[in-house]
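Structure, as C-alpha cells:
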Amino acid sequence: MIVVKFGGTSMGSGERIASVARLVESRAAETPLVVVSAMAGITDCLLALSSAAQKSDRAAADKALSQFAEKHRQAVEALGLSGEDAEACSDEITRETVRLADLSTGVSLLGELSLRTTDAIAASGELLSSLLMTAALRKIGVDAVRIDPREWMATDAQYGCAIPDESRVSSLVAMRVMPEVKAGKVVVTGGFVGAAPDGSFTTLGRGGSDYSAALLGGGLHDCGARVDAIEIWTDVDGILTADPRIVTGARLVPEVSYTEAAELAFFGAKVLHPATIKPAVSREILVKVKNTFRPQAPGTSIARTAEGEGVRALAMRKGVAAVFITSPRMLLAYGFAARVFSVFEKLKVSVDVIATSEVSISVTFDEKSPIDDIVSELAQFSDVETMTGLAVVSVVGQNLRSTSGIASRIFTALDAINVVLISQGASETNLTFVVEAENGAEALRRLHKEFFG
C-alpha cells in the first residue's frame, strides 16, 4: 500500500489531472491512496476572495468567484468526461461556487473576516480537486471513491493552522477509509482540510497537504496495514543540494535522513512541509519525493537513517529579524534565559536561531512577527537591539559537529560576507548562520561551489 500526494502544479489543469490519473492507474498493483492539493492558483484565488469580501469590494470578489468556477469548468471540459459524469462535476462546482458567494456576502455585510470563515473559504480548492481526480480515474476505468477529508482528518479548533488529533485520525481512517480499501477501491481525498470537533472546516496551514498525506499513511499503519511509502509528487526531481533558482548546477540528493529533511524544510527548502516528517518518523514509513513531470527520475528517499557523512545540502530562508538582548545582570544569574523566552511564548512567536554568551542572548525569528511588542517586553529587563532584512543559511548533513574542517571550509568560502550570527553544536545535523538578506544568495552559491563543486 502507498499514499501518493500530488501538489498544485501536478493538478494545474484538466490535462495534468488526466496525466496524474494515468500515473495512479500504473501503480494500481501497489494499492495507492491519493491525496490532492487544490489546483495551482486556486488557493490564492480563494484568499483574494476573502480579502475582497472583507473590504466589501464586490467587483473583486465577483472576479475571484468567476475565476474559481471557470478554472474548474475548464478542467472538466479538458478531461473529456461523459455526459453524466460531466454533469455531476458541473453541479458540484456550481454548489461550491454558490456556497462561496454566500460566505463572501456574509463577510461583506459584517465587515469582518474570522479565521473560521477564512478556512471555510480556503477549503474549497481541495474539495473540488479531489472531485476532478476521482472523475478522471473513473474515466479510465479505475474504481475510485472520493472521501471528504473532514470525514477522517480530525483537528482542534485552531483555525488557520489546526493541529490534528492523531489518535482520532487513526480511528476515523479505520472506520471510513479502510473499508473502501478492502473493497478494492482507490481512495481519493483532499489534503490541507480537516474538521474541528464541531464539524466546521479547518485547514492545516500552507503546505498542509503533505501533512495530510503523512497522517493518512500513519493512520493506515495504525490500522495494521502495511504502508510501503508516502510519496510526495511535485514539480522537481526531489530534494536538491540547493535551491536551483539561486544555484546553477544544484543536483539531486538521492537519500536523506528524516532529521536532515526536517532541517532542510524548516530552514527554507520548499519541497515538503516540515510537519510531514513527524508521522512518518514515528512509524518508520519511507517518504519519497518524486517529479510528476518526470516520473522516471529516481527522486529522493527519506528514511530514519541515510548512509554517508558530511554536508548533504544547503537551505536559505529570507524575511528574518533578530534581537540582541544584553543584560549585565545575566552574568552568573539563573532564570534570565527563561524570562527571555517567556516573552516569545507570550507573544506566540517561534524562534529560529539562538546564540548565547555570558551576558547576552541573540534570537532570530520571522520579521512578520510583532517586533515592536517583542522589544517592548524585553526592554523591561534588558537592553535590546534589533536587525531586520536578514537571511538564515543552513548547512545540513550528518555528523557535522564531529567532522573536523567543516566550519573552516564554510567561513573560508564566505570570505568577506559578514556573518551576523552563528549557531553550531545544538545538533549534529546542521550549522546555521545569519547574514544580511542581500548577501544570502551569494553565500549559498559560494557554499555550493565549496562543497559540491
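Quick note on naming: the chains in the C-alpha cells go A, B, ... in the order shown, residues restart at 1 in each chain, and ligands are numbered from 1 in order of appearance.
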Practice item. Name all residues at most 8 Å from range 80-91 of chain A (count only C-alpha atoms; drop same-chain ones fewer than 3 positions away) and give them as an NGL selection string. Key: :A and (73 or 76-77 or 94-95 or 131-132 or 135-136 or 139)
Who sits within 12 Å of Ala337 in chain A, only C-alpha atoms, same chain under 4 positions skipped, as a list in words = Ile325, Thr326, Ser327, Arg329, Met330, Leu331, Leu332, Ala333, Phe341, Ser342, Val343, Phe344, Ile354, Ala355, Thr356, Ser357, Glu358, Val359, Ser360, Ile361, Ser362, Val363, Leu378, Phe381 and Ser382 of chain A
Could you turn the residues from that selection into a file that holds C-alpha atoms, as an mmCIF file, in the first residue's frame?
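In the end it all went to out.cif:
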data_model
loop_
_atom_site.group_PDB
_atom_site.id
_atom_site.type_symbol
_atom_site.label_atom_id
_atom_site.label_comp_id
_atom_site.auth_asym_id
_atom_site.auth_seq_id
_atom_site.Cartn_x
_atom_site.Cartn_y
_atom_site.Cartn_z
ATOM 1 C CA ILE A 325 19.407 41.004 24.248
ATOM 2 C CA THR A 326 22.061 42.177 26.713
ATOM 3 C CA SER A 327 21.991 42.498 30.483
ATOM 4 C CA ARG A 329 22.602 41.110 35.444
ATOM 5 C CA MET A 330 22.743 37.955 33.344
ATOM 6 C CA LEU A 331 26.321 37.267 34.479
ATOM 7 C CA LEU A 332 26.266 34.212 36.783
ATOM 8 C CA ALA A 333 22.488 34.611 37.162
ATOM 9 C CA PHE A 341 11.910 33.032 26.097
ATOM 10 C CA SER A 342 8.749 33.569 28.117
ATOM 11 C CA VAL A 343 8.325 36.758 26.064
ATOM 12 C CA PHE A 344 8.339 34.792 22.804
ATOM 13 C CA ILE A 354 19.713 31.085 19.178
ATOM 14 C CA ALA A 355 23.198 32.133 20.294
ATOM 15 C CA THR A 356 24.322 32.985 23.832
ATOM 16 C CA SER A 357 27.301 34.437 25.682
ATOM 17 C CA GLU A 358 27.916 35.329 29.315
ATOM 18 C CA VAL A 359 25.767 38.444 29.228
ATOM 19 C CA SER A 360 23.733 38.263 26.019
ATOM 20 C CA ILE A 361 21.250 36.183 24.068
ATOM 21 C CA SER A 362 20.643 36.591 20.333
ATOM 22 C CA VAL A 363 17.489 35.222 18.715
ATOM 23 C CA LEU A 378 12.298 42.550 26.523
ATOM 24 C CA PHE A 381 14.622 43.854 31.942
ATOM 25 C CA SER A 382 17.421 44.183 29.337
#
Next item on the list: Taking the DSSP assignment computed from this structure's backbone, write out as a ChimeraX atom specification all residues of range 275-427 of chain A that belong to alpha helix (DSSP H).
Entry: /A:277-283,336-346,371-378,406-414
How would the residues just chosen look if you wrote them out with C-alpha atoms as a JSON list (two decimals), in the first residue's frame?
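File written: again27.json
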[["chain", "number", "residue", "atom", "x", "y", "z"],
["A", 277, "ILE", "CA", 8.14, 14.17, 8.61],
["A", 278, "LYS", "CA", 6.73, 13.60, 12.08],
["A", 279, "PRO", "CA", 4.02, 10.96, 11.44],
["A", 280, "ALA", "CA", 6.39, 9.02, 9.17],
["A", 281, "VAL", "CA", 9.30, 9.19, 11.63],
["A", 282, "SER", "CA", 7.34, 7.71, 14.49],
["A", 283, "ARG", "CA", 6.25, 4.76, 12.36],
["A", 336, "PHE", "CA", 17.40, 35.06, 32.69],
["A", 337, "ALA", "CA", 17.02, 32.81, 29.63],
["A", 338, "ALA", "CA", 13.67, 31.58, 30.90],
["A", 339, "ARG", "CA", 12.49, 35.16, 31.22],
["A", 340, "VAL", "CA", 13.65, 35.98, 27.69],
["A", 341, "PHE", "CA", 11.91, 33.03, 26.10],
["A", 342, "SER", "CA", 8.75, 33.57, 28.12],
["A", 343, "VAL", "CA", 8.33, 36.76, 26.06],
["A", 344, "PHE", "CA", 8.34, 34.79, 22.80],
["A", 345, "GLU", "CA", 5.95, 32.26, 24.33],
["A", 346, "LYS", "CA", 3.60, 35.01, 25.48],
["A", 371, "ILE", "CA", 8.78, 43.18, 16.59],
["A", 372, "ASP", "CA", 7.70, 46.30, 18.50],
["A", 373, "ASP", "CA", 5.85, 44.18, 21.07],
["A", 374, "ILE", "CA", 8.85, 41.85, 21.43],
["A", 375, "VAL", "CA", 11.22, 44.77, 22.02],
["A", 376, "SER", "CA", 8.81, 46.42, 24.45],
["A", 377, "GLU", "CA", 8.56, 43.27, 26.57],
["A", 378, "LEU", "CA", 12.30, 42.55, 26.52],
["A", 406, "ILE", "CA", 33.55, 21.85, 8.14],
["A", 407, "ALA", "CA", 33.38, 25.25, 9.86],
["A", 408, "SER", "CA", 36.73, 26.29, 8.40],
["A", 409, "ARG", "CA", 35.57, 25.47, 4.87],
["A", 410, "ILE", "CA", 32.31, 27.34, 5.37],
["A", 411, "PHE", "CA", 33.81, 30.58, 6.58],
["A", 412, "THR", "CA", 36.69, 30.46, 4.12],
["A", 413, "ALA", "CA", 34.14, 30.18, 1.31],
["A", 414, "LEU", "CA", 32.13, 33.08, 2.67]]
Just list as a ChimeraX atom specification whatever in range 29-97 of chain A DSSP marks as strand (DSSP E or B). /A:32-36
inquiry  = I'd like the neighbourhood of Ala78 in chain A as a count of residues only, where a residue qualifies if any of its atoms comes within 9 Å (using only C-alpha atoms), though same-chain residues fewer than 3 positions away should be ignored.
reply    = 8
- Task: Write out as a ChimeraX atom specification each polymer residue whose atoms come within 7 Å of Val169 in chain A, counting only C-alpha atoms; drop sequence neighbours fewer than 2 positions from it.
- Result: /A:152-154,165-167,171-173,219
Write the selection just made, keeping C-alpha atoms, as a tab-separated table (two decimals), in the first residue's frame?
chain	number	residue	atom	x	y	z
A	152	TRP	CA	-11.13	11.42	8.68
A	153	MET	CA	-8.95	14.47	9.40
A	154	ALA	CA	-9.93	15.37	12.96
A	165	ASP	CA	-5.67	14.70	16.69
A	166	GLU	CA	-3.56	11.74	15.52
A	167	SER	CA	-5.33	9.18	17.68
A	171	SER	CA	-9.70	5.74	14.41
A	172	LEU	CA	-11.53	7.55	11.61
A	173	VAL	CA	-9.19	6.10	8.96
A	219	GLY	CA	-3.44	6.17	10.26
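Closest approach to Ile93 in chain A among A:Cys223, A:Leu115, A:Ala69, A:Val396: A:Ala69, based on only C-alpha atoms.
Of the residues under consideration (A:Thr300, A:Ser170, A:Thr364, A:Thr9), A:Ser170 shows the shortest atom-to-atom contact distance to Ala225 in chain A when counting only C-alpha atoms.
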Here CA of Ser130 in chain A and CA of Val227 in chain A stand apart by 21.5 Å
Fewer than 5 positions away in the same chain doesn't count, so skip those; otherwise give me all residues within 7 Å of Gln398 in chain A, counting only C-alpha atoms, as a PDB file with C-alpha atoms, in the first residue's frame.
ATOM      1  CA  GLU A 309      28.578  11.747   6.392  1.00  0.00           C
ATOM      2  CA  GLY A 310      29.378  15.393   5.782  1.00  0.00           C
ATOM      3  CA  VAL A 311      27.385  18.105   4.049  1.00  0.00           C
ATOM      4  CA  GLU A 428      24.947  17.092  14.571  1.00  0.00           C
ATOM      5  CA  THR A 429      22.760  17.813  11.567  1.00  0.00           C
TER       6      THR A 429
END
In terms of only C-alpha atoms, the residue from A:Val98, A:Met178, A:Met39, A:Val193 at minimal distance from Tyr159 in chain A is A:Val193
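Minimum atom-to-atom distances from A:Thr432, A:Thr292, A:Thr388, A:Ser369 to Phe324 in chain A were compared using only C-alpha atoms, and the lowest value belongs to A:Thr388.
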Between A:Thr97, A:Thr203, A:Ser51, A:Ser427, smallest distance to Gln158 in chain A by only C-alpha atoms belongs to A:Thr203
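Excluding Gly207 in chain A itself and same-chain residues fewer than 6 positions from it, the residues having an atom within 9 Å of it are Ser37, Phe192, Lys270, Leu272, His273 and Pro274 of chain A, counting only C-alpha atoms.
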Take the residues from that selection and write them out as a compact mmCIF listing (two decimals), in the first residue's frame, keeping C-alpha atoms.
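This is the output file result28.txt:
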# COMPACT_ATOMS: atom_id res chain seq x y z
CA SER A 37 -3.88 19.75 -3.27
CA PHE A 192 -4.92 20.57 3.77
CA LYS A 270 10.16 24.23 -0.09
CA LEU A 272 7.97 19.40 1.51
CA HIS A 273 6.21 20.63 4.62
CA PRO A 274 8.29 20.21 7.82
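For the set A:Ser257, A:Ala229, A:Arg445, A:Asp366, the residue with the smallest atom-to-atom gap to Asn399 in chain A is A:Ser257, counting only C-alpha atoms.
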List the spatial neighbours of Asn439 in chain A as a PDB file with C-alpha atoms, in the first residue's frame - criterion: any atom at most 12 Å away, only C-alpha atoms, same-chain residues fewer than 2 positions off excluded.
ATOM      1  CA  ILE A 246      19.591  30.511  -6.968  1.00  0.00           C
ATOM      2  CA  MET A 316      18.227  29.515   2.924  1.00  0.00           C
ATOM      3  CA  ARG A 317      15.289  31.468   4.253  1.00  0.00           C
ATOM      4  CA  LYS A 318      14.880  35.242   3.941  1.00  0.00           C
ATOM      5  CA  GLY A 389      16.270  42.206   6.424  1.00  0.00           C
ATOM      6  CA  LEU A 390      18.258  39.103   7.294  1.00  0.00           C
ATOM      7  CA  ALA A 391      18.571  35.598   5.867  1.00  0.00           C
ATOM      8  CA  VAL A 392      19.225  32.316   7.653  1.00  0.00           C
ATOM      9  CA  VAL A 393      21.576  29.958   5.785  1.00  0.00           C
ATOM     10  CA  LEU A 414      32.125  33.080   2.669  1.00  0.00           C
ATOM     11  CA  ASP A 415      35.259  35.274   2.723  1.00  0.00           C
ATOM     12  CA  ALA A 416      34.181  38.926   3.059  1.00  0.00           C
ATOM     13  CA  ILE A 417      30.450  38.236   3.547  1.00  0.00           C
ATOM     14  CA  ASN A 418      29.609  39.475   7.021  1.00  0.00           C
ATOM     15  CA  VAL A 419      28.076  36.877   9.320  1.00  0.00           C
ATOM     16  CA  VAL A 420      25.693  38.383  11.867  1.00  0.00           C
ATOM     17  CA  VAL A 434      22.697  34.575   9.630  1.00  0.00           C
ATOM     18  CA  VAL A 435      23.680  37.156   7.008  1.00  0.00           C
ATOM     19  CA  GLU A 436      22.062  40.217   5.530  1.00  0.00           C
ATOM     20  CA  ALA A 437      19.389  39.118   3.073  1.00  0.00           C
ATOM     21  CA  ALA A 441      22.101  34.198  -2.493  1.00  0.00           C
ATOM     22  CA  GLU A 442      25.822  34.820  -2.899  1.00  0.00           C
ATOM     23  CA  ALA A 443      26.536  32.959   0.340  1.00  0.00           C
ATOM     24  CA  LEU A 444      24.534  29.999  -0.937  1.00  0.00           C
ATOM     25  CA  ARG A 445      26.376  29.949  -4.265  1.00  0.00           C
ATOM     26  CA  ARG A 446      29.805  30.131  -2.612  1.00  0.00           C
TER      27      ARG A 446
END
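CA of Gly205 in chain A is positioned 26.0 Å from CA of Ala21 in chain A.
Of note, CA of Val107 in chain A and CA of Ala122 in chain A are spaced 13.9 Å apart.
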